[in-house]
Amino acid sequence: VIGFTYFLISTLDPLDRRQWERPLLQRYLDCLKSYGAQAPSFEEAWYFHRCTTLFPFLTWFNNSAKWQPEALNTRNCMRAALAALDHDVFTLLGV
């Protein structure tokens, strides 16, 4: 799920993410199952998705302009920060 979360947060505008993250997560899980992978339940995947929103934030926050243009780092850091706030990640993680 962490790869899904990182990709989703880094590619979708926050308004689109809010609208599409649940249906896209369900589609992702369905695809995993169709290929024979053992997928978590939607509730479990949704919990993990919400908890791991902190990972993309920390990645983009600490990313060097040597690796990505600063505008891209800033945009994706903002997207990830909004996702972490939307999902109340600190409460989920007990911080």
# chains A, B, ... in the order shown; residues from 1 in each chain; ligands from 1
call {"tool": "residues_around", "arguments": {"residues": "A:Ser41", "least_positions_apart": "2", "cutoff": "12 Å", "atoms": "only C-alpha atoms", "output": "list in words"}}
result
Val1, Leu25, Gln26, Tyr28, Leu29, Asp30, Leu32, Lys33, Gln38, Ala39, Glu43, Glu44, Ala45, Trp46, Tyr47, Phe48 and His49 of chain A
call {"tool": "residues_around", "arguments": {"residues": "A:Arg17", "least_positions_apart": "3", "cutoff": "12 Å", "atoms": "only C-alpha atoms", "output": "MDAnalysis selection string"}}
result
chainID A and resid 5:14 20:25 79:80 82:83 86:87
call {"tool": "closest_residue", "arguments": {"among": "A:Thr59, A:Thr91, A:Thr52, A:Ser34", "to": "A:Cys77", "atoms": "only C-alpha atoms"}}
result
A:Thr59
call {"tool": "select_by_dssp", "arguments": {"residues": "chain A", "states": "alpha helix (DSSP H)", "output": "mmCIF file with N, CA and C atoms, in the first residue's frame"}}
result
data_model
loop_
_atom_site.group_PDB
_atom_site.id
_atom_site.type_symbol
_atom_site.label_atom_id
_atom_site.label_comp_id
_atom_site.auth_asym_id
_atom_site.auth_seq_id
_atom_site.Cartn_x
_atom_site.Cartn_y
_atom_site.Cartn_z
ATOM 1 N N ILE A 2 2.061 1.193 0.553
ATOM 2 C CA ILE A 2 2.885 2.398 0.630
ATOM 3 C C ILE A 2 3.241 2.926 -0.766
ATOM 4 N N GLY A 3 3.467 2.025 -1.720
ATOM 5 C CA GLY A 3 3.745 2.457 -3.088
ATOM 6 C C GLY A 3 2.540 3.146 -3.711
ATOM 7 N N PHE A 4 1.369 2.596 -3.459
ATOM 8 C CA PHE A 4 0.131 3.202 -3.938
ATOM 9 C C PHE A 4 -0.020 4.607 -3.354
ATOM 10 N N THR A 5 0.194 4.736 -2.056
ATOM 11 C CA THR A 5 0.042 6.018 -1.374
ATOM 12 C C THR A 5 1.027 7.042 -1.907
ATOM 13 N N TYR A 6 2.274 6.654 -2.040
ATOM 14 C CA TYR A 6 3.309 7.568 -2.544
ATOM 15 C C TYR A 6 2.953 8.050 -3.945
ATOM 16 N N PHE A 7 2.555 7.114 -4.818
ATOM 17 C CA PHE A 7 2.189 7.470 -6.189
ATOM 18 C C PHE A 7 0.973 8.386 -6.215
ATOM 19 N N LEU A 8 -0.064 8.011 -5.487
ATOM 20 C CA LEU A 8 -1.315 8.770 -5.504
ATOM 21 C C LEU A 8 -1.111 10.204 -5.024
ATOM 22 N N ILE A 9 -0.431 10.361 -3.919
ATOM 23 C CA ILE A 9 -0.225 11.691 -3.341
ATOM 24 C C ILE A 9 0.654 12.547 -4.234
ATOM 25 N N SER A 10 1.637 11.924 -4.866
ATOM 26 C CA SER A 10 2.573 12.682 -5.689
ATOM 27 C C SER A 10 2.013 13.061 -7.055
ATOM 28 N N THR A 11 0.952 12.397 -7.478
ATOM 29 C CA THR A 11 0.445 12.660 -8.827
ATOM 30 C C THR A 11 -0.885 13.403 -8.879
ATOM 31 N N PRO A 14 -4.742 17.772 -4.743
ATOM 32 C CA PRO A 14 -5.455 17.417 -3.508
ATOM 33 C C PRO A 14 -6.973 17.285 -3.654
ATOM 34 N N LEU A 15 -7.596 18.122 -4.432
ATOM 35 C CA LEU A 15 -9.052 18.002 -4.595
ATOM 36 C C LEU A 15 -9.415 16.716 -5.315
ATOM 37 N N ASP A 16 -8.644 16.353 -6.332
ATOM 38 C CA ASP A 16 -8.880 15.088 -7.029
ATOM 39 C C ASP A 16 -8.575 13.903 -6.118
ATOM 40 N N ARG A 17 -7.495 13.999 -5.345
ATOM 41 C CA ARG A 17 -7.154 12.907 -4.428
ATOM 42 C C ARG A 17 -8.285 12.651 -3.457
ATOM 43 N N ARG A 18 -8.821 13.697 -2.893
ATOM 44 C CA ARG A 18 -9.907 13.536 -1.921
ATOM 45 C C ARG A 18 -11.100 12.807 -2.539
ATOM 46 N N GLN A 19 -11.370 13.088 -3.794
ATOM 47 C CA GLN A 19 -12.510 12.481 -4.469
ATOM 48 C C GLN A 19 -12.226 11.045 -4.917
ATOM 49 N N TRP A 20 -11.001 10.769 -5.314
ATOM 50 C CA TRP A 20 -10.697 9.514 -5.977
ATOM 51 C C TRP A 20 -9.895 8.506 -5.163
ATOM 52 N N GLU A 21 -9.363 8.874 -4.005
ATOM 53 C CA GLU A 21 -8.459 7.931 -3.348
ATOM 54 C C GLU A 21 -9.144 6.639 -2.906
ATOM 55 N N ARG A 22 -10.359 6.709 -2.429
ATOM 56 C CA ARG A 22 -11.049 5.469 -2.035
ATOM 57 C C ARG A 22 -11.351 4.583 -3.246
ATOM 58 N N PRO A 23 -11.968 5.129 -4.319
ATOM 59 C CA PRO A 23 -12.213 4.265 -5.488
ATOM 60 C C PRO A 23 -10.920 3.724 -6.108
ATOM 61 N N LEU A 24 -9.869 4.530 -6.135
ATOM 62 C CA LEU A 24 -8.611 4.053 -6.709
ATOM 63 C C LEU A 24 -7.960 2.993 -5.823
ATOM 64 N N LEU A 25 -8.072 3.136 -4.521
ATOM 65 C CA LEU A 25 -7.554 2.111 -3.625
ATOM 66 C C LEU A 25 -8.317 0.807 -3.814
ATOM 67 N N GLN A 26 -9.625 0.889 -3.950
ATOM 68 C CA GLN A 26 -10.421 -0.324 -4.177
ATOM 69 C C GLN A 26 -10.021 -0.979 -5.488
ATOM 70 N N ARG A 27 -9.816 -0.191 -6.519
ATOM 71 C CA ARG A 27 -9.385 -0.727 -7.824
ATOM 72 C C ARG A 27 -8.020 -1.392 -7.707
ATOM 73 N N TYR A 28 -7.110 -0.767 -6.982
ATOM 74 C CA TYR A 28 -5.780 -1.328 -6.757
ATOM 75 C C TYR A 28 -5.877 -2.689 -6.068
ATOM 76 N N LEU A 29 -6.686 -2.777 -5.036
ATOM 77 C CA LEU A 29 -6.859 -4.043 -4.318
ATOM 78 C C LEU A 29 -7.493 -5.108 -5.206
ATOM 79 N N ASP A 30 -8.477 -4.708 -6.005
ATOM 80 C CA ASP A 30 -9.117 -5.645 -6.935
ATOM 81 C C ASP A 30 -8.108 -6.178 -7.946
ATOM 82 N N CYS A 31 -7.248 -5.302 -8.435
ATOM 83 C CA CYS A 31 -6.224 -5.729 -9.399
ATOM 84 C C CYS A 31 -5.234 -6.691 -8.750
ATOM 85 N N LEU A 32 -4.834 -6.400 -7.522
ATOM 86 C CA LEU A 32 -3.939 -7.323 -6.823
ATOM 87 C C LEU A 32 -4.559 -8.717 -6.743
ATOM 88 N N LYS A 33 -5.827 -8.758 -6.352
ATOM 89 C CA LYS A 33 -6.519 -10.035 -6.221
ATOM 90 C C LYS A 33 -6.639 -10.748 -7.563
ATOM 91 N N SER A 34 -6.914 -9.985 -8.630
ATOM 92 C CA SER A 34 -7.088 -10.599 -9.950
ATOM 93 C C SER A 34 -5.800 -11.225 -10.466
ATOM 94 N N PHE A 42 -10.257 -3.891 2.383
ATOM 95 C CA PHE A 42 -10.277 -2.458 2.105
ATOM 96 C C PHE A 42 -10.044 -1.669 3.385
ATOM 97 N N GLU A 43 -10.658 -2.069 4.479
ATOM 98 C CA GLU A 43 -10.516 -1.332 5.741
ATOM 99 C C GLU A 43 -9.062 -1.329 6.214
ATOM 100 N N GLU A 44 -8.399 -2.473 6.099
ATOM 101 C CA GLU A 44 -7.000 -2.555 6.499
ATOM 102 C C GLU A 44 -6.117 -1.709 5.564
ATOM 103 N N ALA A 45 -6.363 -1.810 4.271
ATOM 104 C CA ALA A 45 -5.583 -1.027 3.301
ATOM 105 C C ALA A 45 -5.825 0.473 3.486
ATOM 106 N N TRP A 46 -7.064 0.856 3.778
ATOM 107 C CA TRP A 46 -7.391 2.256 3.996
ATOM 108 C C TRP A 46 -6.652 2.789 5.219
ATOM 109 N N TYR A 47 -6.596 2.005 6.276
ATOM 110 C CA TYR A 47 -5.853 2.397 7.476
ATOM 111 C C TYR A 47 -4.365 2.569 7.154
ATOM 112 N N PHE A 48 -3.777 1.588 6.472
ATOM 113 C CA PHE A 48 -2.360 1.681 6.106
ATOM 114 C C PHE A 48 -2.105 2.867 5.176
ATOM 115 N N HIS A 49 -3.006 3.082 4.235
ATOM 116 C CA HIS A 49 -2.888 4.233 3.317
ATOM 117 C C HIS A 49 -2.848 5.530 4.112
ATOM 118 N N ARG A 50 -3.759 5.684 5.040
ATOM 119 C CA ARG A 50 -3.820 6.901 5.838
ATOM 120 C C ARG A 50 -2.568 7.069 6.695
ATOM 121 N N CYS A 51 -2.109 5.981 7.300
ATOM 122 C CA CYS A 51 -0.908 6.057 8.147
ATOM 123 C C CYS A 51 0.344 6.397 7.354
ATOM 124 N N LEU A 54 2.503 10.037 5.764
ATOM 125 C CA LEU A 54 3.662 10.744 6.295
ATOM 126 C C LEU A 54 4.927 10.445 5.487
ATOM 127 N N PHE A 55 5.029 9.252 4.926
ATOM 128 C CA PHE A 55 6.215 8.871 4.157
ATOM 129 C C PHE A 55 6.460 9.786 2.950
ATOM 130 N N PRO A 56 5.457 10.012 2.080
ATOM 131 C CA PRO A 56 5.711 10.927 0.959
ATOM 132 C C PRO A 56 6.044 12.347 1.426
ATOM 133 N N PHE A 57 5.405 12.775 2.514
ATOM 134 C CA PHE A 57 5.721 14.107 3.026
ATOM 135 C C PHE A 57 7.202 14.205 3.397
ATOM 136 N N LEU A 58 7.680 13.264 4.173
ATOM 137 C CA LEU A 58 9.078 13.303 4.605
ATOM 138 C C LEU A 58 10.030 13.156 3.417
ATOM 139 N N THR A 59 9.647 12.341 2.456
ATOM 140 C CA THR A 59 10.480 12.151 1.263
ATOM 141 C C THR A 59 10.614 13.447 0.483
ATOM 142 N N TRP A 60 9.489 14.081 0.181
ATOM 143 C CA TRP A 60 9.534 15.311 -0.620
ATOM 144 C C TRP A 60 10.102 16.480 0.173
ATOM 145 N N PHE A 61 9.852 16.524 1.454
ATOM 146 C CA PHE A 61 10.383 17.597 2.298
ATOM 147 C C PHE A 61 11.907 17.576 2.315
ATOM 148 N N ASN A 62 12.478 16.385 2.327
ATOM 149 C CA ASN A 62 13.932 16.237 2.417
ATOM 150 C C ASN A 62 14.613 16.033 1.067
ATOM 151 N N GLU A 70 13.171 22.188 -7.665
ATOM 152 C CA GLU A 70 12.601 22.659 -6.398
ATOM 153 C C GLU A 70 11.092 22.859 -6.491
ATOM 154 N N ALA A 71 10.596 23.291 -7.651
ATOM 155 C CA ALA A 71 9.146 23.476 -7.812
ATOM 156 C C ALA A 71 8.408 22.151 -7.651
ATOM 157 N N LEU A 72 8.974 21.079 -8.160
ATOM 158 C CA LEU A 72 8.358 19.760 -8.023
ATOM 159 C C LEU A 72 8.407 19.288 -6.568
ATOM 160 N N ASN A 73 9.543 19.477 -5.917
ATOM 161 C CA ASN A 73 9.651 19.133 -4.495
ATOM 162 C C ASN A 73 8.613 19.881 -3.667
ATOM 163 N N THR A 74 8.480 21.170 -3.928
ATOM 164 C CA THR A 74 7.544 22.004 -3.163
ATOM 165 C C THR A 74 6.105 21.572 -3.406
ATOM 166 N N ARG A 75 5.749 21.359 -4.669
ATOM 167 C CA ARG A 75 4.379 20.948 -5.000
ATOM 168 C C ARG A 75 4.032 19.625 -4.336
ATOM 169 N N ASN A 76 4.911 18.650 -4.450
ATOM 170 C CA ASN A 76 4.614 17.331 -3.892
ATOM 171 C C ASN A 76 4.668 17.322 -2.372
ATOM 172 N N CYS A 77 5.514 18.144 -1.790
ATOM 173 C CA CYS A 77 5.543 18.270 -0.337
ATOM 174 C C CYS A 77 4.224 18.855 0.167
ATOM 175 N N MET A 78 3.723 19.854 -0.534
ATOM 176 C CA MET A 78 2.439 20.457 -0.166
ATOM 177 C C MET A 78 1.307 19.431 -0.302
ATOM 178 N N ARG A 79 1.309 18.679 -1.392
ATOM 179 C CA ARG A 79 0.278 17.651 -1.578
ATOM 180 C C ARG A 79 0.316 16.627 -0.451
ATOM 181 N N ALA A 80 1.515 16.198 -0.106
ATOM 182 C CA ALA A 80 1.660 15.196 0.946
ATOM 183 C C ALA A 80 1.277 15.758 2.311
ATOM 184 N N ALA A 81 1.628 17.013 2.577
ATOM 185 C CA ALA A 81 1.265 17.635 3.852
ATOM 186 C C ALA A 81 -0.254 17.723 3.984
ATOM 187 N N LEU A 82 -0.933 18.095 2.909
ATOM 188 C CA LEU A 82 -2.398 18.163 2.949
ATOM 189 C C LEU A 82 -3.012 16.783 3.172
ATOM 190 N N ALA A 83 -2.440 15.766 2.541
ATOM 191 C CA ALA A 83 -2.954 14.406 2.745
ATOM 192 C C ALA A 83 -2.760 13.976 4.197
ATOM 193 N N ALA A 84 -1.600 14.279 4.758
ATOM 194 C CA ALA A 84 -1.347 13.926 6.167
ATOM 195 C C ALA A 84 -2.330 14.641 7.086
ATOM 196 N N LEU A 85 -2.612 15.893 6.796
ATOM 197 C CA LEU A 85 -3.597 16.634 7.595
ATOM 198 C C LEU A 85 -5.006 16.089 7.385
ATOM 199 N N ASP A 86 -5.358 15.818 6.129
ATOM 200 C CA ASP A 86 -6.691 15.277 5.832
ATOM 201 C C ASP A 86 -6.949 13.980 6.596
ATOM 202 N N VAL A 89 -2.875 12.016 10.355
ATOM 203 C CA VAL A 89 -1.861 10.975 10.476
ATOM 204 C C VAL A 89 -1.214 10.923 11.856
ATOM 205 N N PHE A 90 -1.033 12.060 12.492
ATOM 206 C CA PHE A 90 -0.369 12.041 13.800
ATOM 207 C C PHE A 90 -1.226 11.357 14.858
ATOM 208 N N THR A 91 -2.533 11.540 14.803
ATOM 209 C CA THR A 91 -3.425 10.837 15.713
ATOM 210 C C THR A 91 -3.411 9.345 15.415
ATOM 211 N N LEU A 92 -3.437 8.984 14.130
ATOM 212 C CA LEU A 92 -3.401 7.577 13.757
ATOM 213 C C LEU A 92 -2.145 6.886 14.266
#
